[in-house]
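First up is the structure itself, then whatever we jot down about it.
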Amino acid sequence: MSDQQPPSHWPRPPGVYAPPQAREVTASYRRWAGVLTWTAVVVAALMAVALVVSIVFLVWADQDTRNAAYGYLALVLWVGIAAGVPVLIAVAVPARDMRRRVRQRSREGNAPS
């Protein structure tokens with residue numbers, strides 16, 4: 001019997017492992033990679049702005065006792081930053097993987113359709 005493997009489009013019997021086949025990179029896939037990338041950039045920028053504003057609030061709260069409420073606003077911003085970290089991770093990791101796959105496919109010569 002031959003040692004050649006059958007083509008991947010043949011049906012496989014149950015229980016036989018078949019490595020997953022990569023789907024082609026479509027225009028929709030590239031679009032979603034861009035959307036996720038820009039979403040991660042926007043979330044990271046908002047978190048950076050919130051960090052700077054919270055530091056400014058702490059400085060204002062420390063200058064005068066009448067401005068003590070700014071310290072609490074800084075704490076609220078820190079809670080928002082802490083809540084935003086998982087969102088940033090959940091968006092940035094798939095965006096990175098999708099962008100890497102799009103770049104790899106374009107290097108291999110699979111022109112976009």
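Chain lettering (A, B, ...) mirrors the order of the structure tokens, residue numbering begins at 1 for each chain separately, and ligand numbering begins at 1 in order of display.
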**OP:** May I have all residues of range 49-112 of chain A that DSSP, computed from the backbone, assigns to alpha helix (DSSP H), given as a VMD selection string?
**Re:** chain A and resid 49 to 63 69 to 107
Original post:
Which residues, written as a list in words, have at least one atom at most 12 Å from Val41 in chain A, with only C-alpha atoms counted and residues fewer than 6 positions away on the same chain left out?
Top reply: Gly34, Val35, Met47, Ala48, Val87, Leu88, Ile89, Val91, Ala92, Ala95 and Arg96 of chain A
Generate a file of the selected residues that holds N, CA, C and O atoms, formatted as a PDB file, in the first residue's frame.
ATOM      1  N   GLY A  34      -8.544  45.128  10.919  1.00  0.00           N
ATOM      2  CA  GLY A  34      -8.347  46.566  11.080  1.00  0.00           C
ATOM      3  C   GLY A  34      -9.240  47.165  12.148  1.00  0.00           C
ATOM      4  O   GLY A  34      -8.804  48.013  12.937  1.00  0.00           O
ATOM      5  N   VAL A  35     -10.490  46.725  12.185  1.00  0.00           N
ATOM      6  CA  VAL A  35     -11.432  47.240  13.199  1.00  0.00           C
ATOM      7  C   VAL A  35     -10.947  46.882  14.603  1.00  0.00           C
ATOM      8  O   VAL A  35     -10.936  47.735  15.507  1.00  0.00           O
ATOM      9  N   MET A  47      -7.282  54.839  28.033  1.00  0.00           N
ATOM     10  CA  MET A  47      -6.693  54.463  29.321  1.00  0.00           C
ATOM     11  C   MET A  47      -5.504  55.364  29.664  1.00  0.00           C
ATOM     12  O   MET A  47      -5.321  55.737  30.830  1.00  0.00           O
ATOM     13  N   ALA A  48      -4.708  55.736  28.670  1.00  0.00           N
ATOM     14  CA  ALA A  48      -3.578  56.629  28.920  1.00  0.00           C
ATOM     15  C   ALA A  48      -4.059  58.017  29.335  1.00  0.00           C
ATOM     16  O   ALA A  48      -3.508  58.626  30.268  1.00  0.00           O
ATOM     17  N   VAL A  87     -10.496  44.330  28.782  1.00  0.00           N
ATOM     18  CA  VAL A  87     -11.080  44.669  27.477  1.00  0.00           C
ATOM     19  C   VAL A  87      -9.965  44.888  26.459  1.00  0.00           C
ATOM     20  O   VAL A  87     -10.031  44.395  25.328  1.00  0.00           O
ATOM     21  N   LEU A  88      -8.927  45.597  26.882  1.00  0.00           N
ATOM     22  CA  LEU A  88      -7.800  45.838  25.985  1.00  0.00           C
ATOM     23  C   LEU A  88      -7.130  44.531  25.585  1.00  0.00           C
ATOM     24  O   LEU A  88      -6.810  44.325  24.408  1.00  0.00           O
ATOM     25  N   ILE A  89      -6.942  43.639  26.509  1.00  0.00           N
ATOM     26  CA  ILE A  89      -6.331  42.340  26.204  1.00  0.00           C
ATOM     27  C   ILE A  89      -7.236  41.539  25.271  1.00  0.00           C
ATOM     28  O   ILE A  89      -6.772  40.925  24.305  1.00  0.00           O
ATOM     29  N   VAL A  91      -9.251  42.542  23.094  1.00  0.00           N
ATOM     30  CA  VAL A  91      -9.308  43.092  21.744  1.00  0.00           C
ATOM     31  C   VAL A  91      -7.938  43.033  21.064  1.00  0.00           C
ATOM     32  O   VAL A  91      -7.837  42.729  19.879  1.00  0.00           O
ATOM     33  N   ALA A  92      -6.881  43.287  21.818  1.00  0.00           N
ATOM     34  CA  ALA A  92      -5.546  43.399  21.226  1.00  0.00           C
ATOM     35  C   ALA A  92      -4.973  42.047  20.803  1.00  0.00           C
ATOM     36  O   ALA A  92      -4.313  41.970  19.766  1.00  0.00           O
ATOM     37  N   ALA A  95      -6.584  40.874  17.557  1.00  0.00           N
ATOM     38  CA  ALA A  95      -6.180  41.808  16.504  1.00  0.00           C
ATOM     39  C   ALA A  95      -4.756  41.529  16.060  1.00  0.00           C
ATOM     40  O   ALA A  95      -4.462  41.518  14.858  1.00  0.00           O
ATOM     41  N   ARG A  96      -3.876  41.273  17.019  1.00  0.00           N
ATOM     42  CA  ARG A  96      -2.486  40.954  16.678  1.00  0.00           C
ATOM     43  C   ARG A  96      -2.397  39.685  15.845  1.00  0.00           C
ATOM     44  O   ARG A  96      -1.704  39.639  14.833  1.00  0.00           O
TER      45      ARG A  96
END
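Closest approach to Ser106 in chain A from the set A:Leu77, A:Val25, A:Leu58, A:Val16 is made by A:Val25, with distances taken over only C-alpha atoms.
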Original post:
Looking at only C-alpha atoms, which of A:Pro20, A:Thr26, A:Met98, A:Ser54 is the one that sits closest to Gly80 in chain A?
Top reply: A:Ser54
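Comparing A:Ile81, A:Ala74, A:Val49, A:Val102 by their smallest distance to Arg30 in chain A, the closest is A:Val102 (using only C-alpha atoms).
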Original post:
Quick one: residues within 12 Å of Leu75 in chain A, only C-alpha atoms counted, chain neighbours fewer than 2 positions away excluded, as a list of chain:residue names?
Top reply: A:Ala50, A:Leu51, A:Val53, A:Ser54, A:Ile55, A:Val56, A:Phe57, A:Leu58, A:Ala61, A:Ala68, A:Ala69, A:Tyr70, A:Gly71, A:Tyr72, A:Leu73, A:Leu77, A:Trp78, A:Val79, A:Gly80, A:Ile81, A:Ala82
Original post:
Using only C-alpha atoms, which of A:Arg23, A:Thr65, A:Trp32, A:Gly15 sits nearest Pro94 in chain A?
Top reply: A:Trp32
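Here CA of Arg99 in chain A is placed at a distance of 17.6 Å from CA of Ala44 in chain A.
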Original post:
Closest to Leu46 in chain A among A:Val85, A:Arg107, A:Ala90, A:Ala18, using only C-alpha atoms?
Top reply: A:Val85
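Taking CA of Tyr29 in chain A and CA of Arg105 in chain A as the two end points, the separation is 11.8 Å.
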